[in-house]
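Undergrad: Sharing a structure here in structure tokens format.
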Amino acid sequence: MSDLPFTFNLPLPHVVPSRVDNHIERRLSAMRGQFLDEAAYQEMLAQDDRLIYEVYEVKRPEVSGEFLMGVSIVHPGKVGSEFFMTKGHFHQVLATAEVYYCLRGEGYMVMETPEGEACVEALIPGSVLYVPPRWAHRSVCTSRLEDLVTFFAYPAEAGHDYGTIEQQGFRKLVVEGADGIQIVDNPRWKVD
Ligand code: F6R
Ligand code: ZN
């Protein structure tokens, strides 16, 4: 891989970067156990293995000193009352941060520490979000029609720990209640 400086473009409204080394698609079937309403999940899955989110990655060597960058796109939709979201993860090297810049759409970043401190930040176009070291993070799209599109950059040695969230979930859920979008406690947090 070249060590020369490089430029790529992200000319809105087109959200696919001009340089892409890897394209990840996560469908409903990859989100088993993540949504609270298991019956709604099974019903939706039986009809269609919907595309929930995509990531366009710009690859660099996964070593200290490098950054990994890319674009994350969460599509609109709900499973039961819970909005479509990413799986979410801690970084394997826990003490690594991440920066997100919201390009399009509306949503939230749901975050928490291993000690259970929770934080939910709103994302609208122009929001720059700093996820400090040690905070797990999950993007949630709350628009009915529009994708939530974010640019991200993080230390290339970070790695991903998905297992902890798969087991315990996030403490907070983003759902559509009678009065609109609500951030509620996850009754299954750390229980399963
Ligand atoms: C990288 C990062 C983002 C996410 C992306 C998809 O550390 O936080 O690039 O990887 O938003 O989410 P996950 O990885 O949770 O499936
Ligand atoms: Zn991350």
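Chain lettering (A, B, ...) mirrors the order of the structure tokens, residue numbering begins at 1 for each chain separately, and ligand numbering begins at 1 in order of display.
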As a PyMOL selection string, please: the residues near Tyr130 (chain A) (cut-off 7 Å, only C-alpha atoms, same-chain neighbours under 4 positions excluded).

TA: chain A and resi 98-100

Undergrad: For the structure I just gave you, how does DSSP split region 79-190 of chain A - specifically, which residues are helix (DSSP H, G or I)? Reply as a VMD selection string.

TA: chain A and resid 163 to 168

Undergrad: Considering only C-alpha atoms, return as JSON, numbers by chain whatever protein or nucleic-acid residues lie within 8 Å of Phe35 (chain A), sequence-local ones (same chain, fewer than 3 positions apart) excluded.

TA: {"A": [31, 32, 38, 41, 79, 82]}

Undergrad: Filtering to N, CA, C and O atoms, could you give me those residues as a CSV table (one decimal), in the first residue's frame?

TA:
```csv
chain,number,residue,atom,x,y,z
A,31,MET,N,-28.4,-9.3,12.2
A,31,MET,CA,-28.7,-8.5,13.4
A,31,MET,C,-29.5,-9.3,14.4
A,31,MET,O,-30.1,-8.8,15.3
A,32,ARG,N,-29.4,-10.7,14.3
A,32,ARG,CA,-30.2,-11.5,15.2
A,32,ARG,C,-29.9,-11.2,16.6
A,32,ARG,O,-28.8,-11.1,17.0
A,38,GLU,N,-38.4,-9.5,19.4
A,38,GLU,CA,-38.0,-10.7,18.6
A,38,GLU,C,-39.1,-11.2,17.6
A,38,GLU,O,-38.8,-11.6,16.5
A,41,TYR,N,-39.0,-9.0,14.7
A,41,TYR,CA,-37.8,-9.3,13.9
A,41,TYR,C,-38.0,-10.6,13.0
A,41,TYR,O,-37.7,-10.6,11.8
A,79,VAL,N,-37.8,-2.1,13.4
A,79,VAL,CA,-38.2,-3.5,13.7
A,79,VAL,C,-39.1,-3.3,15.0
A,79,VAL,O,-38.6,-2.9,16.0
A,82,GLU,N,-38.5,-0.1,17.2
A,82,GLU,CA,-37.1,0.3,17.3
A,82,GLU,C,-36.5,0.6,15.9
A,82,GLU,O,-36.6,-0.2,15.0
```

Undergrad: If the limit is 10 Å from any atom of ligand 2, counting only C-alpha atoms and all ligand atoms, which residues qualify? Return them as a ChimeraX atom specification.

TA: /A:68,88-92,96-100,131,133,135-138,152-155,158-161

Undergrad: For the selection just defined, write its residues with N, CA, C and O atoms to a file, as an mmCIF file, in the first residue's frame.

TA:
```
data_model
loop_
_atom_site.group_PDB
_atom_site.id
_atom_site.type_symbol
_atom_site.label_atom_id
_atom_site.label_comp_id
_atom_site.auth_asym_id
_atom_site.auth_seq_id
_atom_site.Cartn_x
_atom_site.Cartn_y
_atom_site.Cartn_z
ATOM 1 N N LEU A 68 -8.159 4.806 9.992
ATOM 2 C CA LEU A 68 -9.107 4.187 9.071
ATOM 3 C C LEU A 68 -10.276 5.159 8.900
ATOM 4 O O LEU A 68 -10.720 5.786 9.875
ATOM 5 N N GLY A 88 -23.125 -2.075 16.438
ATOM 6 C CA GLY A 88 -22.464 -1.377 17.542
ATOM 7 C C GLY A 88 -21.352 -2.222 18.133
ATOM 8 O O GLY A 88 -21.397 -3.459 18.074
ATOM 9 N N HIS A 89 -20.374 -1.553 18.670
ATOM 10 C CA HIS A 89 -19.189 -2.268 19.176
ATOM 11 C C HIS A 89 -18.385 -1.416 20.141
ATOM 12 O O HIS A 89 -18.470 -0.188 20.106
ATOM 13 N N PHE A 90 -17.607 -2.091 20.978
ATOM 14 C CA PHE A 90 -16.459 -1.476 21.632
ATOM 15 C C PHE A 90 -15.283 -1.635 20.680
ATOM 16 O O PHE A 90 -15.269 -2.580 19.865
ATOM 17 N N HIS A 91 -14.315 -0.770 20.769
ATOM 18 C CA HIS A 91 -13.056 -1.038 20.068
ATOM 19 C C HIS A 91 -12.286 -2.069 20.883
ATOM 20 O O HIS A 91 -12.304 -2.046 22.120
ATOM 21 N N GLN A 92 -11.637 -2.982 20.132
ATOM 22 C CA GLN A 92 -10.866 -4.032 20.812
ATOM 23 C C GLN A 92 -9.738 -3.415 21.641
ATOM 24 O O GLN A 92 -9.487 -3.832 22.765
ATOM 25 N N THR A 96 -9.231 3.689 22.393
ATOM 26 C CA THR A 96 -9.124 4.395 21.111
ATOM 27 C C THR A 96 -10.438 5.115 20.837
ATOM 28 O O THR A 96 -11.518 4.571 21.058
ATOM 29 N N ALA A 97 -10.326 6.331 20.353
ATOM 30 C CA ALA A 97 -11.487 7.191 20.105
ATOM 31 C C ALA A 97 -11.946 7.066 18.655
ATOM 32 O O ALA A 97 -11.392 6.280 17.877
ATOM 33 N N GLU A 98 -12.974 7.838 18.302
ATOM 34 C CA GLU A 98 -13.446 7.870 16.914
ATOM 35 C C GLU A 98 -14.152 9.205 16.692
ATOM 36 O O GLU A 98 -14.781 9.739 17.611
ATOM 37 N N VAL A 99 -14.039 9.735 15.481
ATOM 38 C CA VAL A 99 -14.744 10.965 15.122
ATOM 39 C C VAL A 99 -15.757 10.644 14.036
ATOM 40 O O VAL A 99 -15.446 9.929 13.079
ATOM 41 N N TYR A 100 -16.971 11.144 14.198
ATOM 42 C CA TYR A 100 -18.021 11.014 13.189
ATOM 43 C C TYR A 100 -18.451 12.408 12.732
ATOM 44 O O TYR A 100 -18.575 13.325 13.559
ATOM 45 N N VAL A 131 -16.367 10.462 19.820
ATOM 46 C CA VAL A 131 -16.589 9.299 20.687
ATOM 47 C C VAL A 131 -15.268 9.065 21.428
ATOM 48 O O VAL A 131 -14.289 8.638 20.820
ATOM 49 N N PRO A 133 -12.262 7.531 23.923
ATOM 50 C CA PRO A 133 -11.813 6.166 24.190
ATOM 51 C C PRO A 133 -12.738 5.490 25.203
ATOM 52 O O PRO A 133 -13.274 6.140 26.098
ATOM 53 N N TRP A 135 -15.721 4.179 24.853
ATOM 54 C CA TRP A 135 -17.168 4.239 24.672
ATOM 55 C C TRP A 135 -17.597 3.390 23.475
ATOM 56 O O TRP A 135 -17.210 3.660 22.340
ATOM 57 N N ALA A 136 -18.418 2.375 23.742
ATOM 58 C CA ALA A 136 -19.046 1.613 22.655
ATOM 59 C C ALA A 136 -19.996 2.545 21.907
ATOM 60 O O ALA A 136 -20.524 3.495 22.497
ATOM 61 N N HIS A 137 -20.236 2.270 20.610
ATOM 62 C CA HIS A 137 -21.057 3.193 19.828
ATOM 63 C C HIS A 137 -21.884 2.455 18.783
ATOM 64 O O HIS A 137 -21.443 1.477 18.194
ATOM 65 N N ARG A 138 -23.094 2.975 18.598
ATOM 66 C CA ARG A 138 -24.068 2.417 17.635
ATOM 67 C C ARG A 138 -24.808 3.594 16.991
ATOM 68 O O ARG A 138 -25.334 4.450 17.711
ATOM 69 N N PHE A 152 -16.558 8.715 9.102
ATOM 70 C CA PHE A 152 -15.881 8.394 10.369
ATOM 71 C C PHE A 152 -14.378 8.239 10.150
ATOM 72 O O PHE A 152 -13.916 7.929 9.039
ATOM 73 N N ALA A 153 -13.622 8.450 11.218
ATOM 74 C CA ALA A 153 -12.171 8.215 11.199
ATOM 75 C C ALA A 153 -11.753 7.768 12.593
ATOM 76 O O ALA A 153 -12.227 8.310 13.608
ATOM 77 N N TYR A 154 -10.890 6.745 12.654
ATOM 78 C CA TYR A 154 -10.468 6.208 13.951
ATOM 79 C C TYR A 154 -9.102 5.542 13.807
ATOM 80 O O TYR A 154 -8.690 5.171 12.695
ATOM 81 N N PRO A 155 -8.386 5.364 14.932
ATOM 82 C CA PRO A 155 -7.044 4.793 14.870
ATOM 83 C C PRO A 155 -7.072 3.379 14.274
ATOM 84 O O PRO A 155 -7.898 2.543 14.660
ATOM 85 N N ALA A 158 -7.405 -0.019 16.175
ATOM 86 C CA ALA A 158 -8.485 -0.149 17.171
ATOM 87 C C ALA A 158 -9.115 -1.549 17.195
ATOM 88 O O ALA A 158 -9.365 -2.099 18.260
ATOM 89 N N GLY A 159 -9.429 -2.119 16.047
ATOM 90 C CA GLY A 159 -10.132 -3.408 16.020
ATOM 91 C C GLY A 159 -11.554 -3.264 16.562
ATOM 92 O O GLY A 159 -11.942 -2.207 17.059
ATOM 93 N N HIS A 160 -12.353 -4.347 16.460
ATOM 94 C CA HIS A 160 -13.752 -4.268 16.890
ATOM 95 C C HIS A 160 -14.121 -5.432 17.798
ATOM 96 O O HIS A 160 -13.828 -6.580 17.484
ATOM 97 N N ASP A 161 -14.753 -5.110 18.902
ATOM 98 C CA ASP A 161 -15.309 -6.126 19.805
ATOM 99 C C ASP A 161 -16.829 -6.040 19.665
ATOM 100 O O ASP A 161 -17.468 -5.149 20.238
#
```

Undergrad: Using only C-alpha atoms, pick whichever of A:Val175, A:Val93, A:Leu103, A:Ala122 has the shortest atom-to-atom distance to Val63 (chain A).

TA: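 The answer is A:Val93, which sits nearest to Val63 (chain A).
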
Undergrad: Compile the contact shell of Tyr53 (chain A) as a PyMOL selection string: residues with an atom at most 10 Å away, counting only C-alpha atoms, same-chain residues fewer than 2 positions apart removed.

TA: chain A and resi 24-28+50-51+55+72-76+84-87+139-141+147-149

Undergrad: Just give me the gap between CA of Glu115 (chain A) and CA of Pro132 (chain A) in Å, one decimal is fine.

TA: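 So the two atoms, CA of Glu115 (chain A) and CA of Pro132 (chain A), lie 14.3 Å apart.
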
Undergrad: For ligand 1, which residue out of A:Ile181, A:Cys119, A:Val71, A:Leu36 is the nearest one, using only C-alpha atoms and all ligand atoms?

TA: A:Val71

Undergrad: Using only C-alpha atoms, which of A:Ser127, A:Gln47, A:Gln34, A:Gln182 sits nearest Gln168 (chain A)?

TA: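 Counting only C-alpha atoms, the residue closest to Gln168 (chain A) is A:Gln34.
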
Undergrad: Check the smallest atom-to-atom distance from each of A:Glu66, A:Asn22, A:Tyr56, A:Lys190 to Asp3 (chain A) using only C-alpha atoms, then report the winner.

TA: A:Glu66

Undergrad: Using only C-alpha atoms for the distances, tell me which of A:Ala39, A:Met109, A:Ala156, A:Leu94 is nearest to Gly65 (chain A).

TA: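 Ranked by minimum distance to Gly65 (chain A), first place goes to A:Ala156.
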
Undergrad: Quick one, how far is CA of Pro13 (chain A) from CA of Val128 (chain A)?

TA: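 We find that CA of Pro13 (chain A) and CA of Val128 (chain A) lie 18.1 Å from each other.
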
Undergrad: Quick check, in Å to one decimal: how far apart do CA of Ile124 (chain A) and CA of Arg171 (chain A) lie?

TA: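 About the pair CA of Ile124 (chain A) and CA of Arg171 (chain A): they are 22.4 Å apart.
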